[in-house]
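Student: Okay, here's the structure, questions in a sec.
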There are 2 protein chains.
Amino acid sequence: MELRDIEIFLTLAEELHFGRTAERLHVSQARVSQAISRQERRLGVALFDRTSRRVTLTPVGRRLREDLQQALDLLQQGLARAEAAGLGAGRTLRLGVFGHAGHELRPLTDAFRARYPGIDVKFGEINGGDAFTALRTGDHDVNVLWLPVAEPDLTVGPTVLTGGRVLAVSADHPLADRGTASLEDLADNHVVDLGPDAPDYWVASMVPTRTPSGRRIPRGPAARTFHEILSLVATGHCVHPLGEIAARYNTPPGIVFLPIHDAPTLQWALTWRSTNDSPTIRALAQTAADLGPISL
Amino acid sequence: MELRDIEIFLTLAEELHFGRTAERLHVSQARVSQAISRQERRLGVALFDRTSRRVTLTPVGRRLREDLQQALDLLQQGLARAEAAGLGAGRTLRLGVFGHAGHELRPLTDAFRARYPGIDVKFGEINGGDAFTALRTGDHDVNVLWLPVAEPDLTVGPTVLTGGRVLAVSADHPLADRGTASLEDLADNHVVDLGPDAPDYWVASMVPTRTPSGRRIPRGPAARTFHEILSLVATGHCVHPLGEIAARYNTPPGIVFLPIHDAPTLQWALTWRSTNDSPTIRALAQTAADLGPISL
DNA sequence: CATAGTTACGCGGTACGTAATTATG
DNA sequence: CATAATTACGTACCGCGTAACTATG
C-alpha cells in the first residue's frame, strides 16, 4: 500500500472515471486500473462498483476515501511546513506592531513558532506617522496595521485582531468624567495631526476628518509617535482616537481613555511589501488564517 | 517522499539510533541513513542533529514527527477499517440486548455502521434467565450484559452503557407511593427467581441475596423473560430490581419503577464467546472503546 | 580502537507504459 | 460500434543490501 496508490484512489474517488483520473495524474489508464485492483485485492473489499460505463464508490470505499483524504492532507501539510521552515530556516521574521499589540498576538506567534521551529519572530515598534516606512525600507517583514490599507506596493493578508476604539483625553478634560465618548465629540476638539508620511485615507479611517453628522474635525498640532501623541493630549489642547489595545497596557499619567461607543470595530491585518513575498511570510499568513482573528 | 521513508523517519525519531531503527524495521542501517538524508535533501532542512555518537531531533524534525505520526495513524486506521469491513463484508453482526437497550446504543451502532459500511448490525432480545445461551449457541455474536461477567468461555469487552437501577413494584404496593426505594426494602419482599441457567454470582449482582445490612432477601416464584417478571410483579406478590433502561421505555400497566438510591451504578459491557473472536467483533469493540460508555 | 553513521555500487522487484482484449450502453 | 475498463507483457528505475569508508568518544 503505497502513497501513490492512495493518491490514485483518492483521485478516482473524486473523478469516478479511470480515463480522467489517469490524465490528471499523468499516468496511463492501465496504471489506474492496476493500482485500484491491487488495493482491492490487498484489502479484500471492493472499493468501487464499476462497469465499463459507470464507476461508483462502494460504502467501504466512501468511508476509506474520507479517512485517507484527511490523512493525506495532514501528511502534506506537515511536509509543507517542514519545507517552509527549511526555506526560512535561520531567518528572523520582523513583525511591526503598535505599542503592546505584540502581547495580544502571542497566540499567533506561539502557533507559528510551534509550526515552523526554524524561524525566529521578533517584534518591532511602529507609529501612526510612519506605519509603512519600515516595510518599504525592509526593516520589517510584516506589519500589523488597521484596515483599510490600499497601497499599490503592499499586500494585505488575513486579519489577526479585531477590537473597539478609545479616545485619549486629558484627565482634566470635560469629557473625562463622562466615561465614554462619541465620534461627535471630536468636532469640539482638536485631534493630533499624524504628519504627511501617512496616507490621508488611512489616517482618516482612524482619525476621521468629519463626524458622522458631517461636522469638520479640526486637526491640531503634529506628532509622530505614540508618546508624542500622548504628551500633546496630556496638555489638554487636543484629544486623539486610538485602538482599544492602546488603553489596555498603558496608564499614562494625566491621560484617560474613553471607549468610543459609536465607532465601527477596527480590523488589524498582516501587511507586507508585495515584492518581499516569501514562503516564510506565506507561512505566517497561513498560520494567522488558520487561527482566525483574535477579538480584544 | 514515500510512505516507507516516513515510517523510517518516525522510527528513527523514536529510537534516535540508526542501528536499532534498522533492526526494528528489518532493513539495513545504510537504508536508514539513505532515507533520512534523502528526506532532508528534499525538504532542505536538517531533521536530525547527529554525530557518529549521538542522534537528536532538530526543532523542525520534532514538529514534523508530530504531524507525520498523526497522519500515519489516521492512514493506517482507515486502511485497517476498510480491511475489517472487507473481512466482515456481507456478514451480519447479531447483538443481544435487554429490552429496548438497543435504542440507547444507537450512537454506537451508527458509529460502527459509518466506519464499517459493509457490515450489518441486527439486534436480538435476551433475558435475565438465558443471557448467555444465545452467545453459546452462536445465535448472537455479542451480548450487552451487566458486569461482572466471569465465564471462562466468554470475553468481556469495553463498557458501552452505565446507569442506575430501579425496583419494579406493583402499583398497589406500599412502596409505590414512596417514589424511591432502598436495597434494604428488598428484605421485606420476595424477588423473582431467574432460574438455574443464569450463574448465581451474576444474578446476585443485579438481584442481591442479602441487603447491605446483611438481611436475607427471599427468592419468590421463578420467571425467565422480562414480561414474565413484570406479570409476577404486577400481582403484588413480589418486587424485582432492574436496570434503569427497563423503566425508560416501558410503562406496563399496574407497575411502578422506583429508583434505588443506594445501589451502585451498573456497567453494561460487550461480551462474546472467546472462540468466536473475529475482526468484525474486534471492530465493534474498538468502535465502542473509542466512543466511550454512554451514560443513561 | 571500537562503535556508529555515511558513501559506493550492484541487483531485483515493481511501477508504469504500450498494446491487445473484453465489456457495456 | 464506440467508449471505457481490464489484462498481458516488457523495460527502466529505485529501493535496498553488501561492503568499504569516515568520524567520534
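Chain lettering (A, B, ...) mirrors the order of the C-alpha cells, residue numbering begins at 1 for each chain separately, and ligand numbering begins at 1 in order of display.
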Distance cut-off 8 Å, counting only C-alpha atoms (C1' of nucleotides) - which residues of chain A neighbour chain D? Return them as a ChimeraX atom specification.

Tutor: /A:18-19,30,33,51-53

Student: For a quick test of understanding: name the residues of chain C lying within 9 Å of chain A when counting only C-alpha atoms (C1' of nucleotides), and present them as a list in words.

Tutor: DA15, DC16, DG17, DA23, DT24 and DG25 of chain C

Student: Define the interface residues of chain A facing chain B as those within 7 Å, counting only C-alpha atoms, and report them as a PyMOL selection string.

Tutor: chain A and resi 2-3+43-45+59-60+63-64+67-68+71-72+74-75+78-79+82-83+85-87+115-118

Student: The selected residues should be written to file as a PDB file, in the first residue's frame (atoms: C-alpha atoms).

Tutor:
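Now in part02.pdb:
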ATOM      1  CA  GLU A   2       1.993   2.936  -1.204  1.00  0.00           C
ATOM      2  CA  LEU A   3       1.396   6.633  -1.188  1.00  0.00           C
ATOM      3  CA  LEU A  43      -7.910  -5.132   1.421  1.00  0.00           C
ATOM      4  CA  GLY A  44     -10.238  -7.870   0.334  1.00  0.00           C
ATOM      5  CA  VAL A  45     -13.086  -5.458  -0.404  1.00  0.00           C
ATOM      6  CA  PRO A  59     -19.862   2.225   1.041  1.00  0.00           C
ATOM      7  CA  VAL A  60     -16.499   0.894   2.193  1.00  0.00           C
ATOM      8  CA  ARG A  63     -15.562   5.630   4.124  1.00  0.00           C
ATOM      9  CA  LEU A  64     -11.970   4.894   3.123  1.00  0.00           C
ATOM     10  CA  ASP A  67     -10.171   8.632   6.148  1.00  0.00           C
ATOM     11  CA  LEU A  68      -7.410   8.720   3.568  1.00  0.00           C
ATOM     12  CA  ALA A  71      -4.635  11.580   6.476  1.00  0.00           C
ATOM     13  CA  LEU A  72      -3.103  12.721   3.203  1.00  0.00           C
ATOM     14  CA  LEU A  74      -2.277  16.144   7.258  1.00  0.00           C
ATOM     15  CA  LEU A  75       0.725  14.493   5.753  1.00  0.00           C
ATOM     16  CA  GLY A  78       3.251  18.551   7.734  1.00  0.00           C
ATOM     17  CA  LEU A  79       5.748  18.184   4.904  1.00  0.00           C
ATOM     18  CA  ALA A  82       8.840  21.418   7.316  1.00  0.00           C
ATOM     19  CA  GLU A  83       9.794  22.637   3.862  1.00  0.00           C
ATOM     20  CA  ALA A  85      10.635  26.021   7.904  1.00  0.00           C
ATOM     21  CA  GLY A  86      13.599  24.918   5.822  1.00  0.00           C
ATOM     22  CA  LEU A  87      13.271  27.719   3.314  1.00  0.00           C
ATOM     23  CA  ARG A 115       4.699  25.043  13.316  1.00  0.00           C
ATOM     24  CA  TYR A 116       7.925  26.485  11.995  1.00  0.00           C
ATOM     25  CA  PRO A 117      10.521  25.935  14.660  1.00  0.00           C
ATOM     26  CA  GLY A 118      13.356  27.065  12.421  1.00  0.00           C
TER      27      GLY A 118
END

Student: Just the number, please: distance in Å from atom CA of A:Gln286 to atom CA of A:Val160, one decimal.

Tutor: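 According to the coordinates, atom CA of A:Gln286 and atom CA of A:Val160 are separated by 11.2 Å.
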
Student: Among stretch 197-284 of chain A, which ones does DSSP assign to strand (DSSP E or B) (computed from the backbone)? Answer as a VMD selection string.

Tutor: chain A and resid 210 216 219 to 222 238 to 243 255 to 260 266 to 273

Student: To one decimal in Å, tell me the separation between atom CA of B:Val156 and atom CA of B:Ala131.

Tutor: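 Spanning atom CA of B:Val156 to atom CA of B:Ala131 is a straight-line distance of 13.8 Å.
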